[in-house]
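Right, one structure below, let's go through it.
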Amino acid sequence: MGETRQDFYRLNNADGTQQAFHARAAAARDAVFGRRVFVRGVVEVSNYCRQNCHYCAMRRDNRQLARYRLAADELADLIIHHRPASMTDIDIQAGEDPVAVREVVLPLVRELHRHTDLGITLCLGTLTPPEYDELREAGGHYYVLKIETGEAQHYRFIEAPGTLAERVEAIRYLASTGWKVSSGLIVGLPGQTAEILTQSLQLLTTLPLAGGSVSPFVAGEQTPFVNAPNGCIEQTLNCVAWMRLAAPHWLIPAVSAMKLVSENGYVRAFQAGANLATINFTPRNVRADYPIYKRDRVIMDEERVLSAIEQAGCQPSRISVAEHLRNGISTAPVS
Ligand code: SF4
């Protein structure tokens, strides 16, 4: 890699070094994937959550949030019959809500597996091994389980679910049982130092992952961190580029929070090596109640996603993440 922490963390546009770093990362992506960007849709099926993460407005102590669970049959109809043509994969997300897993996600995954060739990604938090196994048997293949931070004490400070060791163990369990797994971190979390950020990136590279994500911290309303400053887009994009150079074969998303903290942050993520975009396909009537960042979140519809991909000089992939991963890429740790 060659980049020390100081090299990559503080790079900015002043002298062109950041641009060269990002271009090198984009070239590393191109060498593995070409200029293809995978396009998945996300449906946020439940905003109930038993966890209490300090950085998230869906935390259980937020009594001001109207909670919802969507119906599996309506979602199946929406996804099977009305999804955008560019969408090759579907990401089913929820707060950590075992009821939704049982009553919504499992029947939905079975229906989608039966009636479509969509790749099925799940982002449902830390569950039990039998729950992971059942979801896998139903047709899920890619599981997103973020560590958010890679330092155990900081992990406790932000009140992320369980312990960091348990989160890592869950990632290893998923990977050992046939799931392709993605993890990730948040840049700019309160209490995060440059050392913690570097440690977090390095921890990710030791895990059996097929993908990784970097999101800038966005201070959520109705959370203990409401008054903290947002994460820095330059540091976020530098971490994306670092991650791409460390793990050229990973799926690395551009995330809507990048656009929330900086108007061109989303497009620049592709120019720093990202290769995955997400169309928000959650029914409009509940979108505001899924405050992953804040209620006035940026909603990436198909038009915005395709336009960003084009602006970055890339093209949407015709094959799904699932198909790409079936072709046998390595998910061995990269360090
Ligand atoms: S980050 Fe996830 S687990 Fe934590 S409170 Fe939010 S939805 Fe729940």
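Chain labels A, B, ... are given in the sequence in which chains occur in the structure tokens; within each chain residues are numbered consecutively from 1, and ligands are likewise numbered from 1 in the order shown.
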
Using only C-alpha atoms and all ligand atoms, find each residue in chain A having at least one atom no more than 8 Å away from ligand 1; report its shortest atom-to-atom pair and that distance in Å (one decimal), rows by chain then rising number, as JSON lines.
{"residue": "A:Asn47", "atom": "CA", "partner": "ligand 1", "partner_atom_place_in_ligand_line": "7 (S)", "distance": 7.0}
{"residue": "A:Tyr48", "atom": "CA", "partner": "ligand 1", "partner_atom_place_in_ligand_line": "7 (S)", "distance": 7.6}
{"residue": "A:Cys49", "atom": "CA", "partner": "ligand 1", "partner_atom_place_in_ligand_line": "8 (Fe)", "distance": 4.7}
{"residue": "A:Arg50", "atom": "CA", "partner": "ligand 1", "partner_atom_place_in_ligand_line": "8 (Fe)", "distance": 6.5}
{"residue": "A:Gln51", "atom": "CA", "partner": "ligand 1", "partner_atom_place_in_ligand_line": "8 (Fe)", "distance": 4.8}
{"residue": "A:Asn52", "atom": "CA", "partner": "ligand 1", "partner_atom_place_in_ligand_line": "5 (S)", "distance": 4.7}
{"residue": "A:Cys53", "atom": "CA", "partner": "ligand 1", "partner_atom_place_in_ligand_line": "4 (Fe)", "distance": 4.3}
{"residue": "A:His54", "atom": "CA", "partner": "ligand 1", "partner_atom_place_in_ligand_line": "5 (S)", "distance": 7.3}
{"residue": "A:Tyr55", "atom": "CA", "partner": "ligand 1", "partner_atom_place_in_ligand_line": "1 (S)", "distance": 6.9}
{"residue": "A:Cys56", "atom": "CA", "partner": "ligand 1", "partner_atom_place_in_ligand_line": "6 (Fe)", "distance": 4.5}
{"residue": "A:Ala57", "atom": "CA", "partner": "ligand 1", "partner_atom_place_in_ligand_line": "6 (Fe)", "distance": 6.4}
{"residue": "A:Met58", "atom": "CA", "partner": "ligand 1", "partner_atom_place_in_ligand_line": "6 (Fe)", "distance": 4.8}
{"residue": "A:Arg59", "atom": "CA", "partner": "ligand 1", "partner_atom_place_in_ligand_line": "5 (S)", "distance": 3.7}
{"residue": "A:Arg60", "atom": "CA", "partner": "ligand 1", "partner_atom_place_in_ligand_line": "5 (S)", "distance": 6.6}
{"residue": "A:Ala94", "atom": "CA", "partner": "ligand 1", "partner_atom_place_in_ligand_line": "7 (S)", "distance": 6.7}
{"residue": "A:Gly95", "atom": "CA", "partner": "ligand 1", "partner_atom_place_in_ligand_line": "7 (S)", "distance": 3.8}
{"residue": "A:Glu96", "atom": "CA", "partner": "ligand 1", "partner_atom_place_in_ligand_line": "3 (S)", "distance": 5.2}
{"residue": "A:Leu124", "atom": "CA", "partner": "ligand 1", "partner_atom_place_in_ligand_line": "2 (Fe)", "distance": 7.8}
{"residue": "A:Gly125", "atom": "CA", "partner": "ligand 1", "partner_atom_place_in_ligand_line": "3 (S)", "distance": 5.8}
{"residue": "A:Thr126", "atom": "CA", "partner": "ligand 1", "partner_atom_place_in_ligand_line": "3 (S)", "distance": 7.9}
{"residue": "A:Ala160", "atom": "CA", "partner": "ligand 1", "partner_atom_place_in_ligand_line": "4 (Fe)", "distance": 6.0}
{"residue": "A:Pro161", "atom": "CA", "partner": "ligand 1", "partner_atom_place_in_ligand_line": "3 (S)", "distance": 6.0}
{"residue": "A:Ile292", "atom": "CA", "partner": "ligand 1", "partner_atom_place_in_ligand_line": "6 (Fe)", "distance": 7.0}

Please, could you write that set of residues out with N, CA and C atoms as a compact mmCIF listing (two decimals), in the first residue's frame?
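Contents of part08.txt, as written:
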# COMPACT_ATOMS: atom_id res chain seq x y z
N ASN A 47 -38.64 -0.44 11.16
CA ASN A 47 -37.75 0.48 11.90
C ASN A 47 -37.79 0.20 13.40
N TYR A 48 -38.35 -0.96 13.79
CA TYR A 48 -38.23 -1.38 15.19
C TYR A 48 -36.78 -1.80 15.41
N CYS A 49 -36.25 -1.51 16.59
CA CYS A 49 -34.89 -1.94 16.89
C CYS A 49 -34.72 -2.17 18.38
N ARG A 50 -34.11 -3.30 18.73
CA ARG A 50 -33.90 -3.61 20.15
C ARG A 50 -32.58 -3.03 20.65
N GLN A 51 -31.78 -2.45 19.75
CA GLN A 51 -30.48 -1.89 20.15
C GLN A 51 -30.61 -0.40 20.48
N ASN A 52 -29.53 0.18 20.95
CA ASN A 52 -29.62 1.55 21.44
C ASN A 52 -28.40 2.38 21.02
N CYS A 53 -27.94 2.17 19.78
CA CYS A 53 -26.71 2.82 19.31
C CYS A 53 -26.83 4.34 19.44
N HIS A 54 -25.80 4.95 19.98
CA HIS A 54 -25.83 6.40 20.22
C HIS A 54 -25.92 7.21 18.92
N TYR A 55 -25.52 6.62 17.80
CA TYR A 55 -25.41 7.37 16.55
C TYR A 55 -26.63 7.18 15.66
N CYS A 56 -27.68 6.54 16.14
CA CYS A 56 -28.79 6.16 15.25
C CYS A 56 -30.14 6.51 15.87
N ALA A 57 -30.98 7.17 15.09
CA ALA A 57 -32.29 7.61 15.60
C ALA A 57 -33.30 6.47 15.69
N MET A 58 -32.94 5.29 15.19
CA MET A 58 -33.85 4.15 15.33
C MET A 58 -33.62 3.41 16.65
N ARG A 59 -32.71 3.90 17.47
CA ARG A 59 -32.41 3.29 18.77
C ARG A 59 -33.69 3.13 19.59
N ARG A 60 -33.70 2.11 20.44
CA ARG A 60 -34.94 1.77 21.14
C ARG A 60 -35.42 2.87 22.07
N ALA A 94 -33.50 -3.63 7.98
CA ALA A 94 -34.39 -3.34 9.10
C ALA A 94 -33.55 -2.97 10.31
N GLY A 95 -34.16 -2.38 11.32
CA GLY A 95 -33.51 -2.30 12.61
C GLY A 95 -33.32 -3.72 13.12
N GLU A 96 -32.72 -3.88 14.27
CA GLU A 96 -32.54 -5.25 14.77
C GLU A 96 -33.86 -5.71 15.37
N LEU A 124 -29.69 -6.82 8.67
CA LEU A 124 -30.70 -7.00 9.71
C LEU A 124 -30.10 -7.01 11.11
N GLY A 125 -28.82 -6.69 11.21
CA GLY A 125 -28.18 -6.65 12.52
C GLY A 125 -27.68 -8.00 12.98
N THR A 126 -27.32 -8.05 14.28
CA THR A 126 -26.78 -9.28 14.84
C THR A 126 -27.91 -10.21 15.24
N ALA A 160 -22.62 0.60 20.24
CA ALA A 160 -22.95 -0.28 19.11
C ALA A 160 -23.40 -1.63 19.69
N PRO A 161 -24.08 -2.45 18.89
CA PRO A 161 -24.68 -3.68 19.43
C PRO A 161 -23.67 -4.66 20.02
N ILE A 292 -32.04 6.73 8.96
CA ILE A 292 -30.68 6.21 9.14
C ILE A 292 -29.71 7.36 9.37

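The residue that comes closest to Asp61 (chain A), out of A:Ser320, A:Arg156, A:Pro224, A:Ala312 and on the basis of only C-alpha atoms, is A:Pro224.
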
**Request:** Might you pull out every residue within 6 Å of region 241-249 of chain A, with only C-alpha atoms counted and same-chain residues fewer than 5 positions away left off, and present them as a list in words?
**Result:** His22, Ala25, Ala28, Arg29, Ala272 and Gly273 of chain A

Expected file: the selected residues, N, CA and C atoms, as an mmCIF file, in the first residue's frame:
data_model
loop_
_atom_site.group_PDB
_atom_site.id
_atom_site.type_symbol
_atom_site.label_atom_id
_atom_site.label_comp_id
_atom_site.auth_asym_id
_atom_site.auth_seq_id
_atom_site.Cartn_x
_atom_site.Cartn_y
_atom_site.Cartn_z
ATOM 1 N N HIS A 22 -6.891 9.133 -5.266
ATOM 2 C CA HIS A 22 -8.211 8.627 -5.656
ATOM 3 C C HIS A 22 -8.150 8.005 -7.062
ATOM 4 N N ALA A 25 -6.827 4.591 -6.819
ATOM 5 C CA ALA A 25 -7.847 3.669 -6.300
ATOM 6 C C ALA A 25 -8.856 3.316 -7.392
ATOM 7 N N ALA A 28 -7.426 0.795 -9.591
ATOM 8 C CA ALA A 28 -7.421 -0.542 -8.963
ATOM 9 C C ALA A 28 -8.796 -1.189 -9.120
ATOM 10 N N ARG A 29 -9.849 -0.400 -8.964
ATOM 11 C CA ARG A 29 -11.202 -0.924 -9.205
ATOM 12 C C ARG A 29 -11.349 -1.354 -10.665
ATOM 13 N N ALA A 272 -13.214 7.671 -6.438
ATOM 14 C CA ALA A 272 -12.223 7.201 -5.456
ATOM 15 C C ALA A 272 -12.264 5.682 -5.322
ATOM 16 N N GLY A 273 -12.974 5.000 -6.245
ATOM 17 C CA GLY A 273 -12.903 3.537 -6.259
ATOM 18 C C GLY A 273 -14.165 2.787 -5.874
#

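Residues with any atom within 9 Å of Asp73 (chain A), counting only C-alpha atoms and excluding same-chain neighbours fewer than 4 positions away, are Asp77, Leu78, Val104, Pro107, Leu108 and Glu111 of chain A.
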
Expected file contents, prior selection, C-alpha atoms, as a CSV table (one decimal), in the first residue's frame:
chain,number,residue,atom,x,y,z
A,77,ASP,CA,-45.6,-7.4,-5.3
A,78,LEU,CA,-43.7,-4.1,-5.4
A,104,VAL,CA,-41.6,-10.1,6.9
A,107,PRO,CA,-41.4,-14.9,3.6
A,108,LEU,CA,-40.2,-12.0,1.4
A,111,GLU,CA,-40.9,-15.2,-2.7

Per-residue DSSP, region 7-210 of chain A, filtered to alpha helix (DSSP H), as a JSON list (two decimals) with N, CA and C atoms, in the first residue's frame:
[["chain", "number", "residue", "atom", "x", "y", "z"],
["A", 7, "ASP", "N", -0.20, 10.00, 5.44],
["A", 7, "ASP", "CA", -0.27, 10.14, 3.99],
["A", 7, "ASP", "C", -1.71, 10.19, 3.50],
["A", 8, "PHE", "N", -2.50, 9.21, 3.93],
["A", 8, "PHE", "CA", -3.82, 9.15, 3.30],
["A", 8, "PHE", "C", -4.87, 9.97, 4.03],
["A", 9, "TYR", "N", -4.74, 10.07, 5.36],
["A", 9, "TYR", "CA", -5.82, 10.63, 6.16],
["A", 9, "TYR", "C", -5.98, 12.13, 5.91],
["A", 17, "THR", "N", -2.38, 15.88, -4.58],
["A", 17, "THR", "CA", -2.02, 14.53, -4.14],
["A", 17, "THR", "C", -3.26, 13.68, -3.86],
["A", 18, "GLN", "N", -4.32, 14.33, -3.38],
["A", 18, "GLN", "CA", -5.54, 13.57, -3.11],
["A", 18, "GLN", "C", -6.13, 13.03, -4.41],
["A", 19, "GLN", "N", -6.14, 13.89, -5.42],
["A", 19, "GLN", "CA", -6.70, 13.48, -6.71],
["A", 19, "GLN", "C", -5.93, 12.28, -7.27],
["A", 20, "ALA", "N", -4.62, 12.32, -7.13],
["A", 20, "ALA", "CA", -3.79, 11.21, -7.64],
["A", 20, "ALA", "C", -4.07, 9.93, -6.85],
["A", 21, "PHE", "N", -4.26, 10.07, -5.53],
["A", 21, "PHE", "CA", -4.56, 8.91, -4.66],
["A", 21, "PHE", "C", -5.89, 8.29, -5.07],
["A", 22, "HIS", "N", -6.89, 9.13, -5.27],
["A", 22, "HIS", "CA", -8.21, 8.63, -5.66],
["A", 22, "HIS", "C", -8.15, 8.01, -7.06],
["A", 23, "ALA", "N", -7.40, 8.61, -7.95],
["A", 23, "ALA", "CA", -7.29, 8.07, -9.32],
["A", 23, "ALA", "C", -6.63, 6.69, -9.28],
["A", 24, "ARG", "N", -5.67, 6.53, -8.39],
["A", 24, "ARG", "CA", -4.99, 5.24, -8.26],
["A", 24, "ARG", "C", -5.98, 4.18, -7.75],
["A", 25, "ALA", "N", -6.83, 4.59, -6.82],
["A", 25, "ALA", "CA", -7.85, 3.67, -6.30],
["A", 25, "ALA", "C", -8.86, 3.32, -7.39],
["A", 26, "ALA", "N", -9.28, 4.31, -8.16],
["A", 26, "ALA", "CA", -10.24, 4.04, -9.25],
["A", 26, "ALA", "C", -9.61, 3.09, -10.26],
["A", 27, "ALA", "N", -8.32, 3.24, -10.53],
["A", 27, "ALA", "CA", -7.64, 2.34, -11.47],
["A", 27, "ALA", "C", -7.59, 0.92, -10.92],
["A", 28, "ALA", "N", -7.43, 0.79, -9.59],
["A", 28, "ALA", "CA", -7.42, -0.54, -8.96],
["A", 28, "ALA", "C", -8.80, -1.19, -9.12],
["A", 29, "ARG", "N", -9.85, -0.40, -8.96],
["A", 29, "ARG", "CA", -11.20, -0.92, -9.21],
["A", 29, "ARG", "C", -11.35, -1.35, -10.66],
["A", 30, "ASP", "N", -10.92, -0.48, -11.56],
["A", 30, "ASP", "CA", -11.07, -0.76, -13.00],
["A", 30, "ASP", "C", -10.35, -2.06, -13.39],
["A", 31, "ALA", "N", -9.23, -2.30, -12.75],
["A", 31, "ALA", "CA", -8.45, -3.51, -13.10],
["A", 31, "ALA", "C", -9.21, -4.78, -12.75],
["A", 32, "VAL", "N", -10.08, -4.72, -11.73],
["A", 32, "VAL", "CA", -10.85, -5.91, -11.33],
["A", 32, "VAL", "C", -12.24, -5.91, -11.96],
["A", 33, "PHE", "N", -12.90, -4.76, -11.93],
["A", 33, "PHE", "CA", -14.32, -4.71, -12.32],
["A", 33, "PHE", "C", -14.58, -3.95, -13.62],
["A", 72, "ALA", "N", -45.06, -8.39, 4.03],
["A", 72, "ALA", "CA", -44.24, -9.14, 3.08],
["A", 72, "ALA", "C", -44.91, -9.24, 1.70],
["A", 73, "ASP", "N", -46.23, -9.49, 1.68],
["A", 73, "ASP", "CA", -46.86, -9.71, 0.37],
["A", 73, "ASP", "C", -46.88, -8.42, -0.47],
["A", 74, "GLU", "N", -47.09, -7.29, 0.19],
["A", 74, "GLU", "CA", -47.08, -6.02, -0.57],
["A", 74, "GLU", "C", -45.68, -5.71, -1.08],
["A", 75, "LEU", "N", -44.69, -5.99, -0.26],
["A", 75, "LEU", "CA", -43.31, -5.75, -0.70],
["A", 75, "LEU", "C", -42.94, -6.68, -1.85],
["A", 76, "ALA", "N", -43.35, -7.92, -1.74],
["A", 76, "ALA", "CA", -43.04, -8.88, -2.82],
["A", 76, "ALA", "C", -43.66, -8.39, -4.13],
["A", 77, "ASP", "N", -44.89, -7.94, -4.07],
["A", 77, "ASP", "CA", -45.55, -7.43, -5.29],
["A", 77, "ASP", "C", -44.79, -6.23, -5.85],
["A", 78, "LEU", "N", -44.43, -5.32, -4.96],
["A", 78, "LEU", "CA", -43.70, -4.11, -5.38],
["A", 78, "LEU", "C", -42.38, -4.48, -6.07],
["A", 79, "ILE", "N", -41.63, -5.38, -5.44],
["A", 79, "ILE", "CA", -40.30, -5.70, -5.97],
["A", 79, "ILE", "C", -40.40, -6.58, -7.23],
["A", 80, "ILE", "N", -41.30, -7.54, -7.20],
["A", 80, "ILE", "CA", -41.39, -8.46, -8.34],
["A", 80, "ILE", "C", -41.93, -7.74, -9.58],
["A", 81, "HIS", "N", -42.92, -6.86, -9.39],
["A", 81, "HIS", "CA", -43.60, -6.28, -10.55],
["A", 81, "HIS", "C", -43.25, -4.83, -10.86],
["A", 82, "HIS", "N", -42.65, -4.11, -9.92],
["A", 82, "HIS", "CA", -42.50, -2.66, -10.16],
["A", 82, "HIS", "C", -41.09, -2.14, -9.93],
["A", 98, "PRO", "N", -36.17, -9.10, 15.44],
["A", 98, "PRO", "CA", -36.40, -10.52, 15.12],
["A", 98, "PRO", "C", -37.83, -10.80, 14.66],
["A", 99, "VAL", "N", -38.80, -10.00, 15.09],
["A", 99, "VAL", "CA", -40.18, -10.20, 14.62],
["A", 99, "VAL", "C", -40.26, -9.94, 13.11],
["A", 100, "ALA", "N", -39.60, -8.87, 12.68],
["A", 100, "ALA", "CA", -39.59, -8.58, 11.24],
["A", 100, "ALA", "C", -38.86, -9.68, 10.47],
["A", 106, "LEU", "N", -38.25, -13.34, 6.09],
["A", 106, "LEU", "CA", -38.18, -14.72, 5.61],
["A", 106, "LEU", "C", -39.18, -15.00, 4.49],
["A", 107, "PRO", "N", -40.48, -14.66, 4.67],
["A", 107, "PRO", "CA", -41.40, -14.90, 3.55],
["A", 107, "PRO", "C", -41.05, -14.09, 2.31],
["A", 108, "LEU", "N", -40.56, -12.87, 2.52],
["A", 108, "LEU", "CA", -40.21, -12.03, 1.37],
["A", 108, "LEU", "C", -39.03, -12.63, 0.59],
["A", 109, "VAL", "N", -38.00, -13.05, 1.32],
["A", 109, "VAL", "CA", -36.83, -13.64, 0.65],
["A", 109, "VAL", "C", -37.26, -14.88, -0.14],
["A", 110, "ARG", "N", -38.12, -15.71, 0.46],
["A", 110, "ARG", "CA", -38.55, -16.93, -0.24],
["A", 110, "ARG", "C", -39.28, -16.58, -1.54],
["A", 111, "GLU", "N", -40.15, -15.58, -1.47],
["A", 111, "GLU", "CA", -40.90, -15.17, -2.67],
["A", 111, "GLU", "C", -39.96, -14.62, -3.75],
["A", 112, "LEU", "N", -39.04, -13.77, -3.33],
["A", 112, "LEU", "CA", -38.13, -13.17, -4.32],
["A", 112, "LEU", "C", -37.23, -14.23, -4.94],
["A", 113, "HIS", "N", -36.81, -15.17, -4.12],
["A", 113, "HIS", "CA", -35.94, -16.23, -4.61],
["A", 113, "HIS", "C", -36.69, -17.09, -5.63],
["A", 114, "ARG", "N", -37.99, -17.30, -5.37],
["A", 114, "ARG", "CA", -38.81, -18.14, -6.24],
["A", 114, "ARG", "C", -39.13, -17.43, -7.57],
["A", 115, "HIS", "N", -39.36, -16.12, -7.51],
["A", 115, "HIS", "CA", -39.92, -15.43, -8.68],
["A", 115, "HIS", "C", -38.98, -14.50, -9.42],
["A", 129, "PRO", "N", -27.22, -17.69, 15.16],
["A", 129, "PRO", "CA", -26.82, -18.57, 14.06],
["A", 129, "PRO", "C", -28.00, -19.27, 13.37],
["A", 130, "PRO", "N", -28.99, -19.81, 14.13],
["A", 130, "PRO", "CA", -30.12, -20.44, 13.41],
["A", 130, "PRO", "C", -30.89, -19.44, 12.53],
["A", 131, "GLU", "N", -30.97, -18.19, 12.97],
["A", 131, "GLU", "CA", -31.65, -17.19, 12.12],
["A", 131, "GLU", "C", -30.86, -16.92, 10.84],
["A", 132, "TYR", "N", -29.54, -16.77, 10.98],
["A", 132, "TYR", "CA", -28.73, -16.59, 9.77],
["A", 132, "TYR", "C", -28.91, -17.78, 8.83],
["A", 133, "ASP", "N", -28.89, -18.98, 9.42],
["A", 133, "ASP", "CA", -28.97, -20.20, 8.59],
["A", 133, "ASP", "C", -30.30, -20.25, 7.84],
["A", 134, "GLU", "N", -31.37, -19.89, 8.55],
["A", 134, "GLU", "CA", -32.69, -19.95, 7.92],
["A", 134, "GLU", "C", -32.80, -18.93, 6.78],
["A", 135, "LEU", "N", -32.22, -17.77, 7.00],
["A", 135, "LEU", "CA", -32.25, -16.73, 5.96],
["A", 135, "LEU", "C", -31.43, -17.17, 4.75],
["A", 136, "ARG", "N", -30.36, -17.85, 4.99],
["A", 136, "ARG", "CA", -29.51, -18.35, 3.90],
["A", 136, "ARG", "C", -30.26, -19.42, 3.10],
["A", 137, "GLU", "N", -30.90, -20.33, 3.84],
["A", 137, "GLU", "CA", -31.67, -21.39, 3.16],
["A", 137, "GLU", "C", -32.82, -20.79, 2.36],
["A", 138, "ALA", "N", -33.38, -19.67, 2.83],
["A", 138, "ALA", "CA", -34.49, -19.03, 2.13],
["A", 138, "ALA", "C", -34.05, -18.39, 0.82],
["A", 152, "ALA", "N", -12.27, -1.65, 20.60],
["A", 152, "ALA", "CA", -13.30, -2.19, 21.50],
["A", 152, "ALA", "C", -13.88, -1.15, 22.46],
["A", 153, "GLN", "N", -13.01, -0.30, 23.01],
["A", 153, "GLN", "CA", -13.50, 0.70, 23.97],
["A", 153, "GLN", "C", -14.37, 1.75, 23.27],
["A", 154, "HIS", "N", -13.96, 2.16, 22.09],
["A", 154, "HIS", "CA", -14.76, 3.12, 21.32],
["A", 154, "HIS", "C", -16.09, 2.49, 20.91],
["A", 155, "TYR", "N", -16.06, 1.21, 20.59],
["A", 155, "TYR", "CA", -17.28, 0.48, 20.23],
["A", 155, "TYR", "C", -18.28, 0.55, 21.39],
["A", 156, "ARG", "N", -17.76, 0.38, 22.62],
["A", 156, "ARG", "CA", -18.64, 0.46, 23.81],
["A", 156, "ARG", "C", -19.15, 1.89, 23.98],
["A", 157, "PHE", "N", -18.27, 2.87, 23.76],
["A", 157, "PHE", "CA", -18.63, 4.28, 23.95],
["A", 157, "PHE", "C", -19.80, 4.69, 23.03],
["A", 164, "LEU", "N", -17.56, -5.56, 20.25],
["A", 164, "LEU", "CA", -16.86, -5.67, 18.96],
["A", 164, "LEU", "C", -16.48, -7.12, 18.69],
["A", 165, "ALA", "N", -16.05, -7.83, 19.74],
["A", 165, "ALA", "CA", -15.65, -9.23, 19.55],
["A", 165, "ALA", "C", -16.83, -10.07, 19.06],
["A", 166, "GLU", "N", -18.01, -9.81, 19.61],
["A", 166, "GLU", "CA", -19.20, -10.56, 19.16],
["A", 166, "GLU", "C", -19.55, -10.23, 17.71],
["A", 167, "ARG", "N", -19.38, -8.97, 17.36],
["A", 167, "ARG", "CA", -19.69, -8.55, 15.98],
["A", 167, "ARG", "C", -18.74, -9.27, 15.00],
["A", 168, "VAL", "N", -17.48, -9.29, 15.37],
["A", 168, "VAL", "CA", -16.48, -9.94, 14.50],
["A", 168, "VAL", "C", -16.77, -11.44, 14.42],
["A", 169, "GLU", "N", -17.15, -12.02, 15.56],
["A", 169, "GLU", "CA", -17.46, -13.45, 15.57],
["A", 169, "GLU", "C", -18.66, -13.73, 14.64],
["A", 170, "ALA", "N", -19.65, -12.85, 14.67],
["A", 170, "ALA", "CA", -20.82, -13.03, 13.79],
["A", 170, "ALA", "C", -20.40, -12.95, 12.32],
["A", 171, "ILE", "N", -19.50, -12.02, 12.00],
["A", 171, "ILE", "CA", -19.02, -11.91, 10.61],
["A", 171, "ILE", "C", -18.33, -13.22, 10.20],
["A", 172, "ARG", "N", -17.51, -13.73, 11.10],
["A", 172, "ARG", "CA", -16.79, -14.98, 10.78],
["A", 172, "ARG", "C", -17.77, -16.15, 10.64],
["A", 173, "TYR", "N", -18.79, -16.18, 11.49],
["A", 173, "TYR", "CA", -19.77, -17.25, 11.39],
["A", 173, "TYR", "C", -20.47, -17.19, 10.03],
["A", 174, "LEU", "N", -20.91, -15.98, 9.66],
["A", 174, "LEU", "CA", -21.62, -15.83, 8.38],
["A", 174, "LEU", "C", -20.74, -16.30, 7.23],
["A", 175, "ALA", "N", -19.50, -15.84, 7.22],
["A", 175, "ALA", "CA", -18.61, -16.20, 6.10],
["A", 175, "ALA", "C", -18.35, -17.70, 6.07],
["A", 176, "SER", "N", -18.31, -18.33, 7.26],
["A", 176, "SER", "CA", -18.00, -19.77, 7.30],
["A", 176, "SER", "C", -19.21, -20.62, 6.92],
["A", 194, "ALA", "N", -7.65, 9.52, 14.81],
["A", 194, "ALA", "CA", -7.04, 9.01, 13.58],
["A", 194, "ALA", "C", -6.55, 7.58, 13.79],
["A", 195, "GLU", "N", -6.04, 7.31, 14.99],
["A", 195, "GLU", "CA", -5.53, 5.96, 15.28],
["A", 195, "GLU", "C", -6.68, 4.94, 15.25],
["A", 196, "ILE", "N", -7.82, 5.33, 15.83],
["A", 196, "ILE", "CA", -8.97, 4.41, 15.84],
["A", 196, "ILE", "C", -9.46, 4.16, 14.41],
["A", 197, "LEU", "N", -9.47, 5.22, 13.62],
["A", 197, "LEU", "CA", -9.92, 5.07, 12.23],
["A", 197, "LEU", "C", -9.00, 4.12, 11.46],
["A", 198, "THR", "N", -7.72, 4.30, 11.64],
["A", 198, "THR", "CA", -6.76, 3.43, 10.95],
["A", 198, "THR", "C", -6.91, 1.98, 11.43],
["A", 199, "GLN", "N", -7.06, 1.83, 12.75],
["A", 199, "GLN", "CA", -7.25, 0.49, 13.33],
["A", 199, "GLN", "C", -8.51, -0.16, 12.76],
["A", 200, "SER", "N", -9.56, 0.64, 12.58],
["A", 200, "SER", "CA", -10.83, 0.11, 12.06],
["A", 200, "SER", "C", -10.64, -0.38, 10.62],
["A", 201, "LEU", "N", -9.98, 0.43, 9.82],
["A", 201, "LEU", "CA", -9.74, 0.02, 8.43],
["A", 201, "LEU", "C", -8.91, -1.26, 8.39],
["A", 202, "GLN", "N", -7.89, -1.28, 9.23],
["A", 202, "GLN", "CA", -7.01, -2.45, 9.20],
["A", 202, "GLN", "C", -7.73, -3.71, 9.69],
["A", 203, "LEU", "N", -8.58, -3.55, 10.71],
["A", 203, "LEU", "CA", -9.34, -4.72, 11.19],
["A", 203, "LEU", "C", -10.20, -5.28, 10.05],
["A", 204, "LEU", "N", -10.85, -4.38, 9.31],
["A", 204, "LEU", "CA", -11.70, -4.86, 8.21],
["A", 204, "LEU", "C", -10.90, -5.73, 7.23],
["A", 205, "THR", "N", -9.66, -5.33, 6.98],
["A", 205, "THR", "CA", -8.89, -6.09, 5.98],
["A", 205, "THR", "C", -8.46, -7.47, 6.50]]

**Per-residue DSSP, region 229-330 of chain A, filtered to strand (DSSP E or B), as a ChimeraX atom specification** = /A:251,253,276-280,315-316

**Prompt:** Do you have the CA of Gln93 (chain A)-CA of Ala257 (chain A) distance handy?
**Reply:** 16.3 Å

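Nearest-residue note for Gly212 (chain A): choosing from A:Ala308, A:Leu325, A:Ile299, A:Ile186, the minimum distance belongs to A:Ile186, counting only C-alpha atoms.
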
**Message:** I'd like to know which of A:Pro291, A:Gly139, A:Gly41, A:Gly16 is closest to Ile92 (chain A), using only C-alpha atoms.
**Reply:** A:Gly41
